[in-house]
Amino acid sequence: MPAAPLLEVDDLRVAFRTRDGVVNAVNGLSFTVGRGEVLGIVGESGSGKSMAMYSMMGLLDNPNATVTGSARFEGTELIGMPLPKLNRLRGSSIAMIFQDPMTALTPVYTVGWQIVEQIRTHEKVSSQAAWKRAIALLDEVGIPDAARRAKSYPHEFSGGMRQRVMIAMSLACHPSLLIADEPTTALDVTTQRQILELIRDLQAKYGSSVIMITHDMGVISEIADRVIVMYAGRAVELGGKSQVVRSPRHPYTWGLLGAIPRPGQRGQRLATIPGLPPGPHDDQIGCPFRSRCRFAMDECSEMPQLRATGEAADHLDACWLSGDARKSLRGEIA
Amino acid sequence: MSETILRADDVVKQFALRGRHRGTIKAVDGVSLEVKAGETLGIVGESGCGKSTFGQCLTRLVDVTSGTIQFEGTDISKLSRRQLRPVRSRLQMVFQDPYSSLNPRMRVGDIVAEPMRIHKTGDRRAIQARVADLLERVGFDASMAGRFPHEFSGGQRQRIGIARALALNPSVLVADEPVSALDVSVQAQVLNLLADLQDEFGLTYVFIAHDLGVVEHVSDRVAVMYLGEIVELADAEELYASPAHHYTAALLSAIPQLDGEAEPERERIVLTGDVPSPANKPSGCPFHPRCPAATEICRTEHPVLHEEGGRAVACHHPLPLRVLSSAERGA
């Protein structure tokens with residue numbers, strides 16, 4: 001038995017009470033993150049990937065939201081944890097990077113001040129010592145002339161530089177888990193490359209675990225060890241990166257990968273997934289993908305469990321299709 | 001070789017800056033290119049490189065500071081709004097944000113019919129029939145005409161924007177980031193639709209995007225922009241297989257690759273720093289502060305876009321070109 005995972009999520013559910021009934025944004029999500037592991041969560045807008053993270057971190061303050069299930073971090077339950085205790089954890093043991101660094105930083109304080117604030121919230125250090133650490137952190141994430149730049153305000157940085165500041169801040173207290181929510185989506189491709197390399201380098205250096213949320217299969221391929229594919233609040237496929245990207249097993253993952261333009265296929269038609277993702281109010285009985293799945297059968301009116309259907313025991317998917325037929329069926333889509 | 005339908009000559013678009021940083025910005029700095037009838041010309045570049053402004057210059061949504069734009073043989077760069085009207089019906093635009101580019105208070109049918117009403121293309125019944133036709137062409141039921149934009153998803157709205165752009169039978173469509181706001185699976189639907197419409201109506205596309213993979217997929221030729229200038233222009237296959245400009249090479253190497261699909265195996269070039277602001281553009285070659293191959297001449301002398309055998313590159317030290325095998329050409 002390997003060491004206990006750092007984070008163990010079991011049957012996580014987020015439900016919103018709305019005028020038109022209850023909406024399940026996250027619908028029974030279970031996964032683990034090992035120490036030093038990079039877990040990628042990929043899904044389209046509205047698949048619940050960000051919502052799952054927010055609910056774990058206690059960032060859902062919507063009074064109509066109900067979070068149930070369990071998320072154990074180093075053995076401690078996060079769901080329902082009282083706020084003071086959660087505050088000690090957030091920013092120190094678990095840190096988060098958001099998609100838009102401009103809105104995640106406060107515009108009225110210098111970036112150095114913001115990093116110092118975080119350090120001093122969690123540790124008893126003098127402000128001089130904290131300031132020194134802030135400069136060292138900014139330097140480490142590749143901000144030139146860090147001592148001077150620490151006195152700059154967020155608007156004086158470019159998008160990529162702001163994201164570096166966010167990363168510096170998230171690393172301030174050496175978190176064991178870093179949650180990155182679409183950290184490169186707002187950035188240009190050359191800057192995205194820089195940020196991905198930075199996250200990878202720092203991850204290797206400090207051995208933190210990372211949860212990388214993205215809609216981009218390419219980013220997942222670059223950085224993740226294991227991948228969860230989410231659809232309509234559920235995990236439909238879970239496996240090692242190469243397993244999922246090279247030999248995906250769920251029809252949704254087939255469609256997702258087929259829809260990406262590839263080099264050398266110029267002008268050819270892209271495989272598409274017909275229709276649209278289910279809306280929040282669509283009925284949630286059975287497999288959520290069945291209305292768009294060309295292989296839908298009678299069994300699909302019941303939700304399949306996430307389980308191994310192929311040879312690899314650690315490559316799971318939630319689909320009723322027989323394991324052996326998958327390869328030829330996938331060929332039909334491509 | 002087919003004829004040139006749209007031609008830009010030394011187009012400059014300058015914006016005035018007010019306040020503390022008084023001065024001017026050249027968002028587009030001397031861009032010349034030709035678009036041939038029936039082709040798709042892709043324009044790629046990072047944010048702030050002037051690609052969208054250039055697209056707006058091409059369709060005269062903004063006035064150009066200097067230079068000319070010839071569309072179907074006439075110079076449209078100095079036409080008045082009234083004179084532009086007949087041109088507008090032939091030269092249409094598809095916008096990036098399907099949420100802000102459709103009027104939320106108009107019904108979908110009216111949105112698609114509006115260009116035809118302005119241009120008085122027919123009586124009410126004829127326009128109504130055409131709207132039904134267009135909606136069906138982009139994959140809707142004609143009965144959707146009575147609905148409002150908020151009832152549609154992003155991808156569906158983008159299809160409505162495309163139907164509107166097609167209403168007047170244009171010959172050229174300038175699409176500015178038409179799929180970047182969409183999820184991958186929906187993006188593929190819109191890209192396939194654009195390809196079908198091009199085949200059916202013989203459309204010419206200028207496809208502006210930052211996503212290199214998407215641009216490679218749709219384009220016949222690709223222009224790469226950096227700080228308001230074209231640094232490289234070539235056939236899509238050749239440009240992607242063997243970039244001549246160091247910036248193009250760096251861009252291509254930065255695309256995240258799917259696992260096990262890194263072909264052709266590219267050397268990874270990580271650029272340092274950010275794109276400089278066009279307000280203080282570097283001397284000489286605009287790319288020299290970030291270029292791995294920069295020498296003295298790059299700092300002082302501005303390289304001109306030099307064309308040779310259908311490929312154009314603005315670089316003092318271009319990368320050696322690899323001759324493509326016939327298999328790669330066939331792709």
# chains A, B, ... in the order shown; residues from 1 in each chain; ligands from 1
call {"tool": "residues_around", "arguments": {"residues": "Ala104 (chain A)", "least_positions_apart": "4", "cutoff": "10 Å", "atoms": "only C-alpha atoms", "output": "PyMOL selection string"}}
result
chain A and resi 97-100+154+162-163+166
call {"tool": "write_last_selection", "arguments": {"atoms": "all heavy atoms", "output": "PDB file, in the first residue's frame"}}
result
ATOM      1  N   ILE A  97      -4.196  29.547  -7.446  1.00  0.00           N
ATOM      2  CA  ILE A  97      -3.906  30.559  -8.468  1.00  0.00           C
ATOM      3  C   ILE A  97      -5.129  30.653  -9.359  1.00  0.00           C
ATOM      4  O   ILE A  97      -5.657  29.638  -9.790  1.00  0.00           O
ATOM      5  CB  ILE A  97      -2.709  30.167  -9.362  1.00  0.00           C
ATOM      6  CG1 ILE A  97      -1.517  29.736  -8.517  1.00  0.00           C
ATOM      7  CG2 ILE A  97      -2.316  31.310 -10.262  1.00  0.00           C
ATOM      8  CD1 ILE A  97      -0.382  29.221  -9.371  1.00  0.00           C
ATOM      9  N   PHE A  98      -5.543  31.886  -9.638  1.00  0.00           N
ATOM     10  CA  PHE A  98      -6.768  32.054 -10.419  1.00  0.00           C
ATOM     11  C   PHE A  98      -6.457  32.423 -11.859  1.00  0.00           C
ATOM     12  O   PHE A  98      -5.346  32.802 -12.204  1.00  0.00           O
ATOM     13  CB  PHE A  98      -7.650  33.111  -9.774  1.00  0.00           C
ATOM     14  CG  PHE A  98      -8.088  32.734  -8.400  1.00  0.00           C
ATOM     15  CD1 PHE A  98      -7.319  33.097  -7.294  1.00  0.00           C
ATOM     16  CD2 PHE A  98      -9.218  31.988  -8.202  1.00  0.00           C
ATOM     17  CE1 PHE A  98      -7.700  32.732  -6.018  1.00  0.00           C
ATOM     18  CE2 PHE A  98      -9.612  31.620  -6.923  1.00  0.00           C
ATOM     19  CZ  PHE A  98      -8.851  31.991  -5.834  1.00  0.00           C
ATOM     20  N   GLN A  99      -7.528  32.338 -12.670  1.00  0.00           N
ATOM     21  CA  GLN A  99      -7.364  32.605 -14.093  1.00  0.00           C
ATOM     22  C   GLN A  99      -6.959  34.046 -14.372  1.00  0.00           C
ATOM     23  O   GLN A  99      -6.069  34.310 -15.146  1.00  0.00           O
ATOM     24  CB  GLN A  99      -8.692  32.299 -14.801  1.00  0.00           C
ATOM     25  CG  GLN A  99      -8.667  32.698 -16.257  1.00  0.00           C
ATOM     26  CD  GLN A  99      -9.914  32.233 -16.975  1.00  0.00           C
ATOM     27  OE1 GLN A  99     -10.740  31.535 -16.421  1.00  0.00           O
ATOM     28  NE2 GLN A  99     -10.038  32.607 -18.223  1.00  0.00           N
ATOM     29  N   ASP A 100      -7.627  34.966 -13.706  1.00  0.00           N
ATOM     30  CA  ASP A 100      -7.412  36.363 -14.027  1.00  0.00           C
ATOM     31  C   ASP A 100      -6.618  37.040 -12.913  1.00  0.00           C
ATOM     32  O   ASP A 100      -7.169  37.410 -11.887  1.00  0.00           O
ATOM     33  CB  ASP A 100      -8.770  37.056 -14.195  1.00  0.00           C
ATOM     34  CG  ASP A 100      -8.592  38.514 -14.579  1.00  0.00           C
ATOM     35  OD1 ASP A 100      -7.436  38.959 -14.671  1.00  0.00           O
ATOM     36  OD2 ASP A 100      -9.602  39.194 -14.773  1.00  0.00           O
ATOM     37  N   PRO A 154      -0.180  46.317  -9.095  1.00  0.00           N
ATOM     38  CA  PRO A 154      -0.534  45.306 -10.101  1.00  0.00           C
ATOM     39  C   PRO A 154      -0.701  45.851 -11.519  1.00  0.00           C
ATOM     40  O   PRO A 154      -0.278  45.212 -12.480  1.00  0.00           O
ATOM     41  CB  PRO A 154      -1.850  44.728  -9.574  1.00  0.00           C
ATOM     42  CG  PRO A 154      -1.755  44.894  -8.097  1.00  0.00           C
ATOM     43  CD  PRO A 154      -0.985  46.170  -7.877  1.00  0.00           C
ATOM     44  N   ARG A 162       1.934  39.506 -13.938  1.00  0.00           N
ATOM     45  CA  ARG A 162       0.975  39.432 -12.840  1.00  0.00           C
ATOM     46  C   ARG A 162       0.762  37.988 -12.415  1.00  0.00           C
ATOM     47  O   ARG A 162       0.658  37.683 -11.238  1.00  0.00           O
ATOM     48  CB  ARG A 162      -0.371  39.989 -13.302  1.00  0.00           C
ATOM     49  CG  ARG A 162      -0.567  41.418 -12.958  1.00  0.00           C
ATOM     50  CD  ARG A 162      -1.926  41.843 -13.469  1.00  0.00           C
ATOM     51  NE  ARG A 162      -1.783  43.075 -14.188  1.00  0.00           N
ATOM     52  CZ  ARG A 162      -2.425  43.398 -15.291  1.00  0.00           C
ATOM     53  NH1 ARG A 162      -3.283  42.565 -15.818  1.00  0.00           N
ATOM     54  NH2 ARG A 162      -2.209  44.538 -15.869  1.00  0.00           N
ATOM     55  N   GLN A 163       0.713  37.098 -13.408  1.00  0.00           N
ATOM     56  CA  GLN A 163       0.520  35.696 -13.064  1.00  0.00           C
ATOM     57  C   GLN A 163       1.747  35.192 -12.301  1.00  0.00           C
ATOM     58  O   GLN A 163       1.619  34.386 -11.387  1.00  0.00           O
ATOM     59  CB  GLN A 163       0.259  34.877 -14.330  1.00  0.00           C
ATOM     60  CG  GLN A 163      -0.440  33.562 -14.118  1.00  0.00           C
ATOM     61  CD  GLN A 163      -1.758  33.662 -13.393  1.00  0.00           C
ATOM     62  OE1 GLN A 163      -1.810  33.852 -12.185  1.00  0.00           O
ATOM     63  NE2 GLN A 163      -2.857  33.536 -14.125  1.00  0.00           N
ATOM     64  N   MET A 166       1.262  36.243  -8.787  1.00  0.00           N
ATOM     65  CA  MET A 166       0.311  35.337  -8.139  1.00  0.00           C
ATOM     66  C   MET A 166       0.990  34.036  -7.714  1.00  0.00           C
ATOM     67  O   MET A 166       0.728  33.505  -6.640  1.00  0.00           O
ATOM     68  CB  MET A 166      -0.825  34.976  -9.104  1.00  0.00           C
ATOM     69  CG  MET A 166      -1.906  36.016  -9.265  1.00  0.00           C
ATOM     70  SD  MET A 166      -2.759  36.345  -7.729  1.00  0.00           S
ATOM     71  CE  MET A 166      -3.454  34.739  -7.369  1.00  0.00           C
TER      72      MET A 166
END
call {"tool": "interface_residues", "arguments": {"of": "chain B", "to": "chain A", "cutoff": "9 Å", "atoms": "only C-alpha atoms", "output": "ChimeraX atom specification"}}
result
/B:45-47,153,155,182-189,191-192,195,210-220,236-237,240,250-261,263-264,270-274,328,331
call {"tool": "closest_residue", "arguments": {"among": "B:Asn103, B:Gln14, B:Thr248, B:Gln83", "to": "Met225 (chain B)", "atoms": "only C-alpha atoms"}}
result
B:Thr248
call {"tool": "atom_distance", "arguments": {"atom1": "CA of Ser209 (chain A)", "atom2": "CA of Ser92 (chain A)"}}
result
13.5 Å
call {"tool": "closest_residue", "arguments": {"among": "A:Gly207, A:Pro107, A:Pro82, A:Pro288", "to": "Asn27 (chain A)", "atoms": "only C-alpha atoms"}}
result
A:Pro288
call {"tool": "residues_around", "arguments": {"residues": "Ala249 (chain B)", "least_positions_apart": "5", "cutoff": "10 Å", "atoms": "only C-alpha atoms", "output": "VMD selection string"}}
result
chain B and resid 239 to 244 254 266 to 269 319
call {"tool": "residues_around", "arguments": {"residues": "region 295-307 of chain B", "least_positions_apart": "6", "cutoff": "12 Å", "atoms": "only C-alpha atoms", "output": "VMD selection string"}}
result
chain B and resid 10 30 to 33 223 to 225 229 to 234 244 to 245 281 to 289 313 to 318
call {"tool": "atom_distance", "arguments": {"atom1": "CA of Ile25 (chain B)", "atom2": "CA of Gly67 (chain B)"}}
result
16.3 Å
call {"tool": "select_by_dssp", "arguments": {"residues": "region 251-318 of chain A", "states": "strand (DSSP E or B)", "output": "PyMOL selection string"}}
result
chain A and resi 307-308+316-317
call {"tool": "atom_distance", "arguments": {"atom1": "CA of Ala313 (chain A)", "atom2": "CA of Leu78 (chain A)"}}
result
28.6 Å
call {"tool": "closest_residue", "arguments": {"among": "B:Pro149, B:Leu6, B:Ser89, B:Ser100", "to": "Lys120 (chain B)", "atoms": "only C-alpha atoms"}}
result
B:Ser89
call {"tool": "decode", "arguments": {"residues": "region 301-312 of chain B", "atoms": "all heavy atoms", "output": "compact mmCIF listing (two decimals), in the first residue's frame"}}
result
# COMPACT_ATOMS: atom_id res chain seq x y z
N GLU B 301 19.21 48.46 -37.90
CA GLU B 301 18.57 48.52 -39.21
C GLU B 301 17.27 47.73 -39.24
O GLU B 301 17.22 46.57 -38.84
CB GLU B 301 19.53 47.97 -40.27
CG GLU B 301 19.24 48.52 -41.65
CD GLU B 301 20.35 48.12 -42.61
OE1 GLU B 301 21.53 48.42 -42.31
OE2 GLU B 301 20.03 47.50 -43.62
N HIS B 302 16.22 48.38 -39.70
CA HIS B 302 14.92 47.73 -39.75
C HIS B 302 14.87 46.78 -40.96
O HIS B 302 15.06 47.22 -42.09
CB HIS B 302 13.83 48.80 -39.87
CG HIS B 302 12.46 48.23 -39.79
ND1 HIS B 302 11.79 47.79 -40.89
CD2 HIS B 302 11.66 48.00 -38.73
CE1 HIS B 302 10.60 47.33 -40.50
NE2 HIS B 302 10.51 47.44 -39.20
N PRO B 303 14.63 45.48 -40.75
CA PRO B 303 14.60 44.57 -41.89
C PRO B 303 13.32 44.74 -42.71
O PRO B 303 12.26 44.98 -42.13
CB PRO B 303 14.65 43.18 -41.25
CG PRO B 303 14.09 43.39 -39.89
CD PRO B 303 14.37 44.79 -39.48
N VAL B 304 13.43 44.67 -44.02
CA VAL B 304 12.22 44.79 -44.83
C VAL B 304 11.68 43.40 -45.14
O VAL B 304 12.42 42.42 -45.16
CB VAL B 304 12.50 45.54 -46.17
CG1 VAL B 304 12.68 47.01 -45.92
CG2 VAL B 304 13.67 44.93 -46.89
N LEU B 305 10.38 43.34 -45.37
CA LEU B 305 9.74 42.07 -45.72
C LEU B 305 10.22 41.69 -47.11
O LEU B 305 9.90 42.35 -48.09
CB LEU B 305 8.22 42.24 -45.67
CG LEU B 305 7.40 40.96 -45.64
CD1 LEU B 305 7.64 40.20 -44.36
CD2 LEU B 305 5.92 41.29 -45.77
N HIS B 306 11.01 40.64 -47.18
CA HIS B 306 11.67 40.27 -48.42
C HIS B 306 11.01 39.02 -48.97
O HIS B 306 10.93 38.00 -48.28
CB HIS B 306 13.15 40.02 -48.12
CG HIS B 306 13.90 39.47 -49.27
ND1 HIS B 306 14.25 40.23 -50.35
CD2 HIS B 306 14.37 38.22 -49.51
CE1 HIS B 306 14.91 39.47 -51.22
NE2 HIS B 306 15.00 38.24 -50.74
N GLU B 307 10.51 39.09 -50.19
CA GLU B 307 9.80 37.95 -50.72
C GLU B 307 10.66 37.15 -51.67
O GLU B 307 11.42 37.69 -52.46
CB GLU B 307 8.52 38.40 -51.45
CG GLU B 307 7.65 37.20 -51.75
CD GLU B 307 6.38 37.53 -52.51
OE1 GLU B 307 5.84 38.62 -52.30
OE2 GLU B 307 5.97 36.68 -53.31
N GLU B 308 10.54 35.84 -51.54
CA GLU B 308 11.28 34.97 -52.43
C GLU B 308 10.52 33.67 -52.57
O GLU B 308 10.25 32.99 -51.58
CB GLU B 308 12.68 34.72 -51.86
CG GLU B 308 13.68 34.29 -52.92
CD GLU B 308 15.05 34.05 -52.29
OE1 GLU B 308 15.64 35.01 -51.78
OE2 GLU B 308 15.50 32.90 -52.31
N GLY B 309 10.13 33.34 -53.78
CA GLY B 309 9.42 32.09 -54.04
C GLY B 309 8.15 31.93 -53.22
O GLY B 309 7.88 30.88 -52.67
N GLY B 310 7.36 33.00 -53.12
CA GLY B 310 6.09 32.89 -52.42
C GLY B 310 6.21 33.01 -50.91
O GLY B 310 5.20 33.02 -50.22
N ARG B 311 7.44 33.08 -50.39
CA ARG B 311 7.59 33.24 -48.95
C ARG B 311 8.17 34.61 -48.66
O ARG B 311 9.11 35.03 -49.33
CB ARG B 311 8.55 32.20 -48.38
CG ARG B 311 8.12 30.78 -48.57
CD ARG B 311 8.89 29.88 -47.64
NE ARG B 311 8.72 30.29 -46.26
CZ ARG B 311 8.83 29.46 -45.22
NH1 ARG B 311 9.13 28.22 -45.42
NH2 ARG B 311 8.67 29.90 -44.00
N ALA B 312 7.66 35.27 -47.69
CA ALA B 312 8.20 36.57 -47.35
C ALA B 312 8.60 36.55 -45.88
O ALA B 312 7.89 36.01 -45.04
CB ALA B 312 7.15 37.65 -47.59
